[in-house]
file target-v4.tsv (TSV, C-alpha atoms)
chain	number	residue	atom	x	y	z
A	26	MET	CA	2.29	-66.24	23.01
A	27	LYS	CA	4.99	-67.41	25.37
A	28	LYS	CA	4.32	-70.98	24.45
A	29	PHE	CA	4.24	-70.15	20.77
A	30	ASN	CA	7.57	-68.45	21.08
A	31	ALA	CA	9.08	-71.34	23.00
A	32	GLN	CA	7.97	-73.73	20.30
A	33	TYR	CA	9.02	-71.80	17.23
A	34	GLN	CA	11.79	-69.54	18.58
A	35	SER	CA	14.62	-71.34	16.84
A	36	ILE	CA	12.88	-70.99	13.48
A	37	ILE	CA	11.82	-67.38	14.06
A	38	THR	CA	15.41	-66.58	14.97
A	39	LEU	CA	16.68	-68.23	11.81
A	40	ILE	CA	14.21	-66.32	9.64
A	41	ALA	CA	15.00	-63.03	11.39
A	42	ARG	CA	18.72	-63.61	10.93
A	43	LEU	CA	18.29	-64.39	7.24
A	44	VAL	CA	15.98	-61.42	6.58
A	45	VAL	CA	18.08	-58.81	8.38
A	46	GLY	CA	21.34	-60.35	7.16
A	47	GLY	CA	20.05	-60.72	3.62
A	48	VAL	CA	18.87	-57.12	3.36
A	49	LEU	CA	22.14	-55.83	4.81
A	50	LEU	CA	24.20	-58.02	2.52
A	51	VAL	CA	22.40	-56.78	-0.59
A	52	ALA	CA	22.43	-53.15	0.58
A	53	GLY	CA	26.11	-53.27	1.46
A	54	GLY	CA	27.11	-55.25	-1.61
A	55	LEU	CA	25.42	-52.82	-4.00
A	56	LYS	CA	27.27	-49.86	-2.48
A	57	ALA	CA	30.65	-51.29	-1.53
A	58	PHE	CA	32.16	-51.07	-5.00
A	59	LYS	CA	30.68	-47.66	-5.84
A	60	PRO	CA	32.41	-45.49	-3.27
A	61	SER	CA	31.66	-42.16	-4.94
A	62	GLU	CA	27.96	-43.00	-5.11
A	63	ALA	CA	27.91	-43.96	-1.46
A	64	ALA	CA	29.87	-40.87	-0.43
A	65	SER	CA	27.58	-38.62	-2.45
A	66	ALA	CA	24.47	-40.32	-1.02
A	67	VAL	CA	25.53	-39.73	2.59
A	68	ALA	CA	26.45	-36.12	1.81
A	69	ALA	CA	22.98	-35.58	0.31
A	70	TYR	CA	21.41	-35.94	3.78
A	71	LYS	CA	23.20	-32.69	4.72
A	72	ILE	CA	23.50	-33.81	8.34
A	73	LEU	CA	27.27	-34.15	8.63
A	74	PRO	CA	30.09	-32.06	7.15
A	75	ASN	CA	31.07	-33.45	3.76
A	76	ASN	CA	34.37	-35.00	4.78
A	77	ILE	CA	32.84	-36.96	7.67
A	78	ALA	CA	29.88	-37.94	5.48
A	79	HIS	CA	32.33	-39.30	2.90
A	80	VAL	CA	34.17	-41.45	5.44
A	81	ILE	CA	30.82	-42.93	6.47
A	82	GLY	CA	29.95	-43.45	2.83
A	83	TYR	CA	33.15	-45.44	2.35
A	84	ALA	CA	32.90	-47.49	5.56
A	85	LEU	CA	29.17	-48.14	5.99
A	86	PRO	CA	28.71	-50.66	3.14
A	87	TRP	CA	31.52	-52.79	4.56
A	88	LEU	CA	30.04	-52.66	8.05
A	89	GLU	CA	26.72	-53.79	6.57
A	90	ILE	CA	28.41	-56.69	4.81
A	91	ALA	CA	30.35	-57.77	7.92
A	92	VAL	CA	27.27	-57.68	10.14
A	93	ALA	CA	25.24	-59.48	7.47
A	94	ILE	CA	27.72	-62.35	7.35
A	95	LEU	CA	27.70	-62.69	11.15
A	96	LEU	CA	23.91	-62.84	11.16
A	97	ILE	CA	23.65	-65.29	8.29
A	98	ILE	CA	26.15	-67.79	9.70
A	99	GLY	CA	24.94	-67.20	13.24
A	100	LEU	CA	28.18	-66.14	14.87
A	101	SER	CA	27.96	-63.56	17.64
A	102	ALA	CA	24.40	-62.98	16.52
A	103	ARG	CA	23.56	-60.95	19.62
A	104	PHE	CA	26.44	-58.55	18.97
A	105	ALA	CA	25.51	-58.38	15.28
A	106	ALA	CA	21.88	-57.70	16.21
A	107	ILE	CA	22.91	-54.77	18.40
A	108	VAL	CA	24.90	-53.27	15.52
A	109	SER	CA	22.19	-53.86	12.90
A	110	GLY	CA	19.52	-52.48	15.25
A	111	ALA	CA	21.63	-49.38	15.87
A	112	ILE	CA	22.21	-48.93	12.12
A	113	MET	CA	18.46	-49.13	11.46
A	114	VAL	CA	17.64	-46.62	14.20
A	115	VAL	CA	20.21	-44.21	12.70
A	116	PHE	CA	18.69	-44.69	9.21
A	117	VAL	CA	15.18	-44.00	10.51
A	118	ALA	CA	16.40	-40.87	12.30
A	119	ALA	CA	18.23	-39.70	9.16
A	120	ILE	CA	15.19	-40.15	6.92
A	121	ILE	CA	12.92	-38.39	9.43
A	122	SER	CA	15.43	-35.54	9.58
A	123	VAL	CA	15.53	-35.24	5.79
A	124	TRP	CA	11.75	-35.35	5.57
A	125	ALA	CA	11.33	-32.74	8.31
A	126	ARG	CA	13.75	-30.38	6.57
A	127	GLY	CA	11.88	-30.78	3.30
A	128	LEU	CA	14.85	-32.19	1.40
A	129	LEU	CA	14.05	-34.39	-1.56
A	130	ILE	CA	16.66	-37.12	-1.85
A	131	ASP	CA	17.03	-40.74	-2.75
A	132	CYS	CA	18.07	-42.52	0.46
A	133	GLY	CA	20.89	-44.33	-1.35
A	134	CYS	CA	19.94	-47.39	0.70
A	135	PHE	CA	20.71	-49.77	-2.14
A	136	GLY	CA	23.15	-47.67	-4.13
A	137	GLY	CA	22.26	-44.54	-6.07
A	138	GLY	CA	21.32	-41.55	-3.96
A	139	GLY	CA	21.42	-37.79	-4.24
A	140	ALA	CA	18.97	-35.00	-4.87
A	141	ILE	CA	15.68	-35.58	-6.68
A	142	ASP	CA	13.62	-33.38	-9.00
A	143	PRO	CA	11.19	-31.26	-6.91
A	144	ALA	CA	8.36	-32.30	-9.23
A	145	LYS	CA	8.42	-35.74	-7.67
A	146	ALA	CA	7.81	-34.52	-4.11
A	147	ALA	CA	4.71	-36.63	-3.40
A	148	GLU	CA	6.36	-39.78	-4.66
A	149	VAL	CA	9.47	-39.11	-2.58
A	150	HIS	CA	7.43	-38.58	0.58
A	151	ARG	CA	5.68	-41.90	0.08
A	152	THR	CA	9.08	-43.53	-0.41
A	153	TYR	CA	10.34	-41.95	2.84
A	154	PHE	CA	7.36	-43.43	4.68
A	155	LEU	CA	7.93	-46.92	3.27
A	156	GLU	CA	11.66	-46.70	4.02
A	157	ILE	CA	10.95	-45.77	7.63
A	158	LEU	CA	8.52	-48.71	7.94
A	159	ARG	CA	11.03	-51.09	6.41
A	160	ASP	CA	13.86	-49.95	8.67
A	161	LEU	CA	11.64	-50.06	11.76
A	162	GLY	CA	10.68	-53.62	10.82
A	163	LEU	CA	14.33	-54.58	10.51
A	164	ALA	CA	15.04	-52.85	13.83
A	165	LEU	CA	12.30	-54.92	15.49
A	166	LEU	CA	13.72	-58.14	14.03
A	167	SER	CA	17.14	-57.07	15.37
A	168	LEU	CA	15.57	-56.53	18.78
A	169	TYR	CA	14.13	-60.04	18.68
A	170	LEU	CA	17.58	-61.35	17.78
A	171	TYR	CA	19.04	-59.49	20.74
A	172	PHE	CA	16.81	-61.50	23.07
A	173	PHE	CA	16.92	-64.78	21.09
A	174	PRO	CA	20.16	-64.90	19.12
A	175	TYR	CA	20.46	-68.69	18.93
A	176	GLY	CA	18.39	-70.70	16.50
A	177	ARG	CA	18.57	-73.24	13.69
A	178	LEU	CA	21.62	-73.40	11.45
A	179	SER	CA	23.63	-71.26	13.78
A	180	ILE	CA	27.34	-71.74	14.40
A	181	GLU	CA	26.97	-70.71	18.01
A	182	LYS	CA	24.53	-72.62	20.22
A	183	PRO	CA	23.16	-71.69	23.62
A	184	ALA	CA	23.88	-73.84	26.66
A	185	LYS	CA	20.40	-75.35	26.83
A	186	ILE	CA	20.16	-76.60	23.27
A	187	ASN	CA	23.59	-78.14	23.53
A	188	GLU	CA	22.52	-80.11	26.57
A	189	GLU	CA	19.44	-81.41	24.82
A	190	GLN	CA	21.29	-82.64	21.79
B	7	MET	CA	11.35	-61.11	27.62
B	8	ALA	CA	13.85	-63.43	29.20
B	9	LYS	CA	17.14	-63.40	27.38
B	10	GLN	CA	18.41	-66.61	25.93
B	11	LYS	CA	21.34	-68.05	27.85
B	12	LYS	CA	24.86	-67.46	26.67
B	13	ALA	CA	26.65	-69.95	24.47
B	14	ALA	CA	27.94	-73.14	26.05
B	15	THR	CA	31.58	-72.20	25.70
B	16	PRO	CA	33.38	-71.41	28.95
B	17	LYS	CA	33.37	-67.78	30.06
B	18	SER	CA	36.92	-66.98	28.92
B	19	GLY	CA	36.40	-68.60	25.51
B	20	ASP	CA	33.17	-66.64	25.06
B	21	LYS	CA	34.97	-63.37	25.67
B	22	PHE	CA	37.72	-64.39	23.29
B	23	THR	CA	35.19	-65.16	20.54
B	24	ARG	CA	33.52	-61.81	21.07
B	25	TRP	CA	36.76	-59.86	20.75
B	26	LEU	CA	37.80	-61.95	17.80
B	27	VAL	CA	34.52	-61.14	16.07
B	28	ILE	CA	34.74	-57.44	16.89
B	29	GLY	CA	38.32	-57.44	15.64
B	30	MET	CA	37.35	-59.15	12.39
B	31	VAL	CA	34.47	-56.76	11.78
B	32	THR	CA	36.75	-53.77	12.40
B	33	LEU	CA	39.32	-55.25	10.05
B	34	VAL	CA	36.77	-55.81	7.28
B	35	VAL	CA	35.36	-52.30	7.65
B	36	ALA	CA	38.79	-50.66	7.77
B	37	THR	CA	40.13	-52.61	4.78
B	38	GLY	CA	36.97	-51.96	2.81
B	39	ALA	CA	36.99	-48.25	3.56
B	40	ILE	CA	40.66	-47.94	2.60
B	41	PHE	CA	39.97	-49.82	-0.62
B	42	SER	CA	37.12	-47.39	-1.33
B	43	VAL	CA	39.29	-44.34	-0.69
B	44	ILE	CA	42.03	-45.65	-2.96
B	45	SER	CA	39.68	-46.48	-5.83
B	46	GLN	CA	38.07	-43.06	-5.36
B	47	LYS	CA	41.47	-41.36	-5.64
B	48	ALA	CA	42.29	-43.37	-8.75
B	49	LYS	CA	39.02	-42.26	-10.32
B	50	ALA	CA	39.80	-38.61	-9.57
B	51	GLU	CA	43.18	-39.04	-11.26
B	52	GLU	CA	41.44	-40.39	-14.34
B	53	SER	CA	39.14	-37.40	-14.64
B	54	PHE	CA	42.17	-35.09	-14.73
B	55	ALA	CA	43.08	-36.71	-18.04
B	56	ALA	CA	40.40	-34.45	-19.56
B	57	LEU	CA	42.69	-31.48	-18.86
B	58	LYS	CA	45.65	-32.92	-20.71
B	59	GLY	CA	46.89	-30.45	-23.31
B	60	PHE	CA	44.57	-27.68	-22.01
B	61	LYS	CA	45.60	-24.38	-23.60
B	62	PRO	CA	44.74	-21.40	-21.40
B	63	GLY	CA	43.78	-18.21	-23.21
B	64	PRO	CA	45.24	-14.75	-22.58
B	65	ALA	CA	44.40	-13.20	-19.21
B	66	ILE	CA	41.19	-11.17	-18.98
B	67	THR	CA	40.56	-8.71	-16.19
B	68	ALA	CA	37.51	-9.68	-14.19
B	69	LYS	CA	35.74	-7.78	-11.49
B	70	VAL	CA	33.12	-8.71	-8.95
B	71	ASP	CA	30.03	-6.67	-9.73
B	72	THR	CA	28.51	-6.07	-6.30
B	73	ALA	CA	25.71	-4.08	-7.90
B	74	ASN	CA	24.76	-7.14	-9.95
B	75	GLY	CA	24.47	-9.97	-7.45
B	76	SER	CA	28.23	-10.14	-6.86
B	77	GLY	CA	28.62	-11.88	-10.20
B	78	ILE	CA	31.98	-12.19	-11.94
B	79	LEU	CA	31.89	-9.54	-14.65
B	80	LEU	CA	34.03	-9.82	-17.75
B	81	ASP	CA	33.58	-6.29	-19.04
B	82	THR	CA	34.50	-5.99	-22.71
B	83	GLY	CA	32.91	-2.61	-23.34
B	84	ALA	CA	30.40	-4.12	-25.77
B	85	SER	CA	26.78	-3.01	-25.84
B	86	LYS	CA	25.35	-6.48	-25.25
B	87	ASN	CA	25.04	-7.87	-21.72
B	88	LEU	CA	24.81	-11.52	-20.81
B	89	ASP	CA	24.09	-12.88	-17.35
B	90	LEU	CA	24.73	-16.58	-16.72
B	91	TRP	CA	23.66	-18.33	-13.53
B	92	GLU	CA	25.45	-21.59	-12.90
B	93	ASP	CA	26.44	-23.97	-10.13
B	94	PRO	CA	29.83	-25.66	-10.58
B	95	GLN	CA	28.33	-29.05	-9.68
B	96	CYS	CA	25.18	-28.79	-11.79
B	97	PRO	CA	25.21	-31.41	-14.55
B	98	ILE	CA	22.80	-29.47	-16.80
B	99	CYS	CA	25.12	-26.45	-16.59
B	100	ASN	CA	27.75	-28.78	-17.96
B	101	ASP	CA	25.44	-29.63	-20.89
B	102	PHE	CA	24.96	-25.91	-21.45
B	103	GLU	CA	28.73	-25.39	-21.32
B	104	LYS	CA	29.35	-28.22	-23.80
B	105	ALA	CA	26.91	-26.71	-26.29
B	106	ASN	CA	27.56	-23.00	-25.83
B	107	GLY	CA	30.79	-22.62	-23.85
B	108	ALA	CA	33.04	-21.99	-26.83
B	109	TYR	CA	30.58	-19.45	-28.24
B	110	ILE	CA	30.46	-17.56	-24.92
B	111	ASP	CA	34.26	-17.60	-24.74
B	112	ASP	CA	34.29	-16.05	-28.19
B	113	LEU	CA	31.80	-13.36	-27.13
B	114	VAL	CA	34.14	-12.35	-24.32
B	115	ARG	CA	37.49	-12.78	-26.03
B	116	ASN	CA	36.40	-10.89	-29.14
B	117	LYS	CA	34.60	-8.22	-27.14
B	118	LYS	CA	31.13	-8.90	-28.52
B	119	ALA	CA	29.36	-8.94	-25.17
B	120	ASN	CA	29.90	-8.25	-21.48
B	121	VAL	CA	29.33	-11.48	-19.62
B	122	THR	CA	28.56	-11.79	-15.93
B	123	PHE	CA	28.94	-15.23	-14.42
B	124	HIS	CA	26.78	-15.67	-11.34
B	125	VAL	CA	28.48	-18.63	-9.71
B	126	VAL	CA	25.93	-19.90	-7.24
B	127	SER	CA	26.33	-22.81	-4.87
B	128	PHE	CA	23.04	-24.37	-3.88
B	129	ILE	CA	24.10	-27.98	-4.47
B	130	GLY	CA	26.15	-28.20	-1.30
B	131	ASP	CA	29.53	-27.82	0.34
B	132	GLU	CA	31.52	-28.80	-2.72
B	133	SER	CA	29.75	-26.18	-4.82
B	134	VAL	CA	30.87	-23.61	-2.26
B	135	SER	CA	34.50	-24.79	-2.51
B	136	ALA	CA	34.40	-24.81	-6.30
B	137	ALA	CA	32.66	-21.42	-6.51
B	138	ASN	CA	35.27	-19.94	-4.16
B	139	ALA	CA	38.02	-21.26	-6.44
B	140	GLU	CA	36.26	-19.71	-9.46
B	141	TYR	CA	36.33	-16.31	-7.75
B	142	CYS	CA	40.03	-16.89	-6.99
B	143	ALA	CA	40.66	-17.68	-10.66
B	144	ALA	CA	38.79	-14.51	-11.67
B	145	ASP	CA	41.18	-12.50	-9.49
B	146	GLU	CA	44.08	-13.99	-11.43
B	147	GLY	CA	42.50	-13.09	-14.77
B	148	HIS	CA	41.80	-16.69	-15.76
B	149	TYR	CA	38.14	-17.09	-14.96
B	150	LEU	CA	37.16	-18.48	-18.37
B	151	ASP	CA	39.93	-21.08	-18.38
B	152	PHE	CA	39.23	-22.28	-14.86
B	153	HIS	CA	35.48	-22.30	-15.42
B	154	LYS	CA	35.89	-24.44	-18.51
B	155	ALA	CA	38.27	-26.80	-16.70
B	156	VAL	CA	35.86	-27.29	-13.79
B	157	TYR	CA	33.20	-28.49	-16.21
B	158	LEU	CA	35.68	-30.72	-18.05
B	159	VAL	CA	36.47	-32.63	-14.87
B	160	GLN	CA	33.04	-32.31	-13.21
B	161	PRO	CA	32.13	-35.64	-11.60
B	162	ALA	CA	28.76	-37.21	-12.40
B	163	LEU	CA	27.81	-37.21	-8.73
B	164	GLU	CA	27.32	-34.23	-6.47
B	165	ASN	CA	29.31	-33.81	-3.26
B	166	SER	CA	31.15	-37.07	-3.79
B	167	GLY	CA	34.45	-35.76	-2.48
B	168	PHE	CA	35.93	-34.53	-5.75
B	169	PHE	CA	36.01	-30.76	-5.30
B	170	THR	CA	38.51	-30.74	-2.46
B	171	THR	CA	41.04	-27.97	-1.88
B	172	LYS	CA	43.74	-30.24	-3.25
B	173	ASN	CA	41.87	-31.10	-6.44
B	174	LEU	CA	40.79	-27.49	-7.03
B	175	ILE	CA	44.41	-26.37	-6.81
B	176	LYS	CA	45.26	-29.19	-9.19
B	177	ILE	CA	42.62	-28.04	-11.67
B	178	GLY	CA	44.19	-24.58	-11.43
B	179	SER	CA	47.69	-25.89	-12.05
B	180	ASN	CA	46.42	-27.62	-15.19
B	181	VAL	CA	45.24	-24.33	-16.65
B	182	GLY	CA	48.29	-22.29	-15.70
B	183	LEU	CA	47.06	-21.03	-12.33
B	184	THR	CA	50.13	-21.84	-10.28
B	185	SER	CA	50.60	-18.58	-8.37
B	186	GLN	CA	50.85	-18.66	-4.60
B	187	SER	CA	48.04	-16.10	-4.36
B	188	PHE	CA	45.65	-18.47	-6.14
B	189	ILE	CA	46.67	-21.41	-3.96
B	190	ASP	CA	46.25	-19.35	-0.80
B	191	CYS	CA	42.90	-18.04	-1.96
B	192	VAL	CA	41.61	-21.59	-2.56
B	193	THR	CA	43.10	-22.97	0.65
B	194	LYS	CA	41.80	-20.19	2.88
B	195	VAL	CA	38.40	-20.03	1.11
B	196	SER	CA	39.02	-16.28	0.90
B	197	LYS	CA	36.05	-15.50	-1.34
B	198	LEU	CA	33.37	-16.93	0.91
B	199	ASP	CA	31.64	-13.55	1.29
B	200	GLN	CA	31.25	-13.14	-2.47
B	201	VAL	CA	30.17	-16.76	-2.86
B	202	LYS	CA	27.46	-16.23	-0.25
B	203	ALA	CA	26.38	-12.91	-1.74
B	204	ALA	CA	26.06	-14.50	-5.19
B	205	TYR	CA	23.96	-17.34	-3.81
B	206	ASP	CA	21.74	-15.01	-1.79
B	207	SER	CA	21.09	-12.85	-4.84
B	208	MET	CA	19.22	-15.72	-6.54
B	209	THR	CA	16.03	-14.69	-4.74
B	210	LYS	CA	16.49	-11.05	-5.69
B	211	TYR	CA	16.78	-11.90	-9.38
B	212	ASN	CA	14.12	-14.59	-9.13
B	213	VAL	CA	16.49	-17.28	-10.38
B	214	LYS	CA	15.10	-20.65	-9.40
B	215	GLY	CA	17.55	-23.01	-11.02
B	216	THR	CA	20.66	-23.32	-13.11
B	217	PRO	CA	21.58	-22.73	-15.80
B	218	THR	CA	19.62	-19.51	-16.18
B	219	VAL	CA	20.54	-16.96	-18.82
B	220	PHE	CA	19.53	-13.32	-19.18
B	221	ILE	CA	20.26	-11.62	-22.48
B	222	ASN	CA	20.29	-7.85	-21.97
B	223	GLY	CA	18.35	-8.41	-18.78
B	224	LYS	CA	15.69	-10.55	-20.45
B	225	LEU	CA	15.23	-14.17	-19.37
B	226	TRP	CA	16.16	-16.58	-22.15
B	227	GLN	CA	13.80	-19.51	-22.53
B	228	ARG	CA	14.91	-22.35	-24.76
B	229	LYS	CA	12.51	-24.16	-27.03
B	230	ASN	CA	14.56	-27.32	-27.50
B	231	SER	CA	14.86	-29.61	-24.52
B	232	ALA	CA	18.58	-30.00	-25.22
B	233	PHE	CA	20.89	-27.04	-25.58
B	234	VAL	CA	21.44	-26.16	-29.21
B	235	LEU	CA	24.17	-23.70	-30.15
B	236	ASP	CA	22.27	-22.24	-33.10
B	237	GLU	CA	19.24	-21.51	-30.98
B	238	PHE	CA	21.32	-19.86	-28.27
B	239	SER	CA	23.52	-17.82	-30.57
B	240	ALA	CA	20.46	-16.60	-32.52
B	241	ALA	CA	18.87	-15.47	-29.27
B	242	VAL	CA	22.06	-13.64	-28.28
B	243	GLU	CA	22.40	-11.93	-31.70
B	244	ALA	CA	18.75	-10.88	-31.59
B	245	GLY	CA	19.51	-9.66	-28.06
call {"tool": "encode", "arguments": {"input": "target-v4.tsv", "output": "structure tokens"}}
result
Amino acid sequence: MKKFNAQYQSIITLIARLVVGGVLLVAGGLKAFKPSEAASAVAAYKILPNNIAHVIGYALPWLEIAVAILLIIGLSARFAAIVSGAIMVVFVAAIISVWARGLLIDCGCFGGGGAIDPAKAAEVHRTYFLEILRDLGLALLSLYLYFFPYGRLSIEKPAKINEEQ
Amino acid sequence: MAKQKKAATPKSGDKFTRWLVIGMVTLVVATGAIFSVISQKAKAEESFAALKGFKPGPAITAKVDTANGSGILLDTGASKNLDLWEDPQCPICNDFEKANGAYIDDLVRNKKANVTFHVVSFIGDESVSAANAEYCAADEGHYLDFHKAVYLVQPALENSGFFTTKNLIKIGSNVGLTSQSFIDCVTKVSKLDQVKAAYDSMTKYNVKGTPTVFINGKLWQRKNSAFVLDEFSAAVEAG
């Protein structure tokens, strides 16, 4: 495993950066220009008071975009990985909280959001489960990037690789 | 796992890059959020265009009927009784209002029925704010006007930051509610007790959603999936 990692680390890092960055870029991009949708989606979680939820709704898409760009170009990837990992952990916690309280909402992950017809409860619960899996996966990739932030096609290079080149 | 070594840049340069990146990210997020707030405000302004030329009707005395789920009662002395259950943010209530609102106004204004508006607020914080303002408007004798105006400007999305104190006062000012007592009532959320009582009474009256209508105490069930004025008015006449 160690050897495998040593051999392919730079490629794994690149893939992880592109996957996490790509998902964040799409998610942020779809919400950034629909502020009322984003604000309404965060409020639907009923975790924070509306006015704070709205500020998050306005700011979060832009944070996602900024972090996505850092990851994709490979600048301060370790810092970006910490932020993306933290975002994913918060998302997972929020979805678990919503599920536990029996609320039926659309996560608003990629735009949209808000309450859902109670008739679709089973479908919504399955979606919650898949969303948690997806966000945990992205959190794990972020964790990997925390340990191995430097890879192929990265603006920043670690000391060792630079010496080899 | 052993962490990968830091970038080759000298220590001071590395720190500089980090702060530069953090600064850039903060800048992007702040600019983006401000842009979002501004475009949001502009959108709210646009929706107020729907209230241009709004003609408020004559004042009607309203009272809060504590014996009937703390609903807003417009007592006309008629023999017919109508109970409407609505949430200010509910989009289907807006469909109901579009189809039957003018007819219900006529029932009240021409004393053909007593109408009780049960303004419930199960959609969230902004429903509570809007419901409170509706009770304030009832106090001022302009419940019908304010109620109509709320639906005219109702945003498509729930709890998206539209029904703020400021915007509710603005809705009021567009329908002639400019008195200091109304503004204070909205600002201080003075009617919270009634708003809560109305919401809590949903269970008592077995109301599971909005809009729900009782005609002379009997639950009205529509046959068309959309709201049709003829169907509703026939049901009310048949009573």
call {"tool": "closest_residue", "arguments": {"input": "target-v4.tsv", "among": "B:Glu52, B:Glu140, B:Asp93, B:Asp20", "to": "B:Ala155", "atoms": "only C-alpha atoms"}}
result
B:Glu140
call {"tool": "interface_residues", "arguments": {"input": "target-v4.tsv", "of": "chain B", "to": "chain A", "cutoff": "7 Å", "atoms": "all atoms listed in the file", "output": "PyMOL selection string"}}
result
chain B and resi 9-14+24+31+34-35+38-39+42-43+46+131+163-167
call {"tool": "atom_distance", "arguments": {"input": "target-v4.tsv", "atom1": "atom CA of A:Ile180", "atom2": "atom CA of A:Leu39"}}
result
11.5 Å
call {"tool": "residues_around", "arguments": {"input": "target-v4.tsv", "residues": "stretch 121-123 of chain B", "least_positions_apart": "5", "cutoff": "8 Å", "atoms": "all atoms listed in the file", "output": "number ranges by chain"}}
result
B: 77-81, 87-92, 114
call {"tool": "residues_near_point", "arguments": {"input": "target-v4.tsv", "point": "(12.6, -45.0, -3.7)", "cutoff": "8 Å", "atoms": "only C-alpha atoms", "output": "PDB file with C-alpha atoms, in the frame of the given file"}}
result
ATOM      1  CA  ASP A 131      17.030 -40.740  -2.750  1.00  0.00           C
ATOM      2  CA  CYS A 132      18.070 -42.520   0.460  1.00  0.00           C
ATOM      3  CA  VAL A 149       9.470 -39.110  -2.580  1.00  0.00           C
ATOM      4  CA  THR A 152       9.080 -43.530  -0.410  1.00  0.00           C
ATOM      5  CA  TYR A 153      10.340 -41.950   2.840  1.00  0.00           C
ATOM      6  CA  GLU A 156      11.660 -46.700   4.020  1.00  0.00           C
TER       7      GLU A 156
END
call {"tool": "closest_residue", "arguments": {"input": "target-v4.tsv", "among": "A:Ile141, A:Phe154, A:Leu50, A:Lys56", "to": "A:Ala125", "atoms": "only C-alpha atoms"}}
result
A:Phe154
call {"tool": "residues_around", "arguments": {"input": "target-v4.tsv", "residues": "B:Glu51", "least_positions_apart": "4", "cutoff": "12 Å", "atoms": "all atoms listed in the file", "output": "ChimeraX atom specification"}}
result
/B:44-47,55-58,159,161,168,172-173,176-177
call {"tool": "residues_near_point", "arguments": {"input": "target-v4.tsv", "point": "(38.5, -12.4, -16.4)", "cutoff": "7 Å", "atoms": "all atoms listed in the file", "output": "VMD selection string"}}
result
chain B and resid 65 to 68 80 144 147 to 150
call {"tool": "residues_around", "arguments": {"input": "target-v4.tsv", "residues": "B:Ala73", "least_positions_apart": "6", "cutoff": "12 Å", "atoms": "all atoms listed in the file", "output": "list in words"}}
result
Leu79, Thr122, Gln200, Ala203, Ala204, Ser207, Lys210 and Tyr211 of chain B
call {"tool": "closest_residue", "arguments": {"input": "target-v4.tsv", "among": "A:Ala31, A:Val108, A:Ile157, A:Val45", "to": "B:Ile28", "atoms": "all atoms listed in the file"}}
result
A:Val108
call {"tool": "atom_distance", "arguments": {"input": "target-v4.tsv", "atom1": "atom CA of A:Leu43", "atom2": "atom CA of A:Ala164"}}
result
13.7 Å
call {"tool": "atom_distance", "arguments": {"input": "target-v4.tsv", "atom1": "atom CA of B:Tyr157", "atom2": "atom CA of B:Gly63"}}
result
16.3 Å
call {"tool": "closest_residue", "arguments": {"input": "target-v4.tsv", "among": "A:Met113, A:Ile120, A:Ile97, A:Leu158", "to": "A:Ile40", "atoms": "all atoms listed in the file"}}
result
A:Ile97
call {"tool": "closest_residue", "arguments": {"input": "target-v4.tsv", "among": "B:Val242, B:Leu113, B:Val126, B:Leu198", "to": "B:Cys99", "atoms": "only C-alpha atoms"}}
result
B:Val126
call {"tool": "closest_residue", "arguments": {"input": "target-v4.tsv", "among": "B:Asp190, B:Asp151, B:Glu243, B:Asp236", "to": "B:Lys61", "atoms": "only C-alpha atoms"}}
result
B:Asp151
call {"tool": "build_atoms", "arguments": {"input": "target-v4.tsv", "residues": "stretch 89-96 of chain A", "atoms": "N, CA, C and O atoms", "output": "CSV table (one decimal), in the frame of the given file"}}
result
chain,number,residue,atom,x,y,z
A,89,GLU,N,28.0,-53.1,6.9
A,89,GLU,CA,26.7,-53.8,6.6
A,89,GLU,C,27.0,-55.2,6.1
A,89,GLU,O,26.4,-56.2,6.6
A,90,ILE,N,28.0,-55.4,5.3
A,90,ILE,CA,28.4,-56.7,4.8
A,90,ILE,C,28.9,-57.6,6.0
A,90,ILE,O,28.5,-58.7,6.1
A,91,ALA,N,29.8,-57.0,6.8
A,91,ALA,CA,30.4,-57.8,7.9
A,91,ALA,C,29.3,-58.2,8.9
A,91,ALA,O,29.2,-59.4,9.3
A,92,VAL,N,28.4,-57.3,9.2
A,92,VAL,CA,27.3,-57.7,10.1
A,92,VAL,C,26.3,-58.7,9.5
A,92,VAL,O,25.9,-59.7,10.1
A,93,ALA,N,26.1,-58.5,8.2
A,93,ALA,CA,25.2,-59.5,7.5
A,93,ALA,C,25.8,-60.9,7.5
A,93,ALA,O,25.1,-61.9,7.8
A,94,ILE,N,27.1,-61.0,7.3
A,94,ILE,CA,27.7,-62.4,7.4
A,94,ILE,C,27.6,-63.0,8.7
A,94,ILE,O,27.2,-64.1,8.9
A,95,LEU,N,27.8,-62.2,9.8
A,95,LEU,CA,27.7,-62.7,11.2
A,95,LEU,C,26.3,-63.2,11.4
A,95,LEU,O,26.1,-64.3,12.0
A,96,LEU,N,25.3,-62.4,10.9
A,96,LEU,CA,23.9,-62.8,11.2
A,96,LEU,C,23.6,-64.1,10.4
A,96,LEU,O,22.9,-65.0,10.9
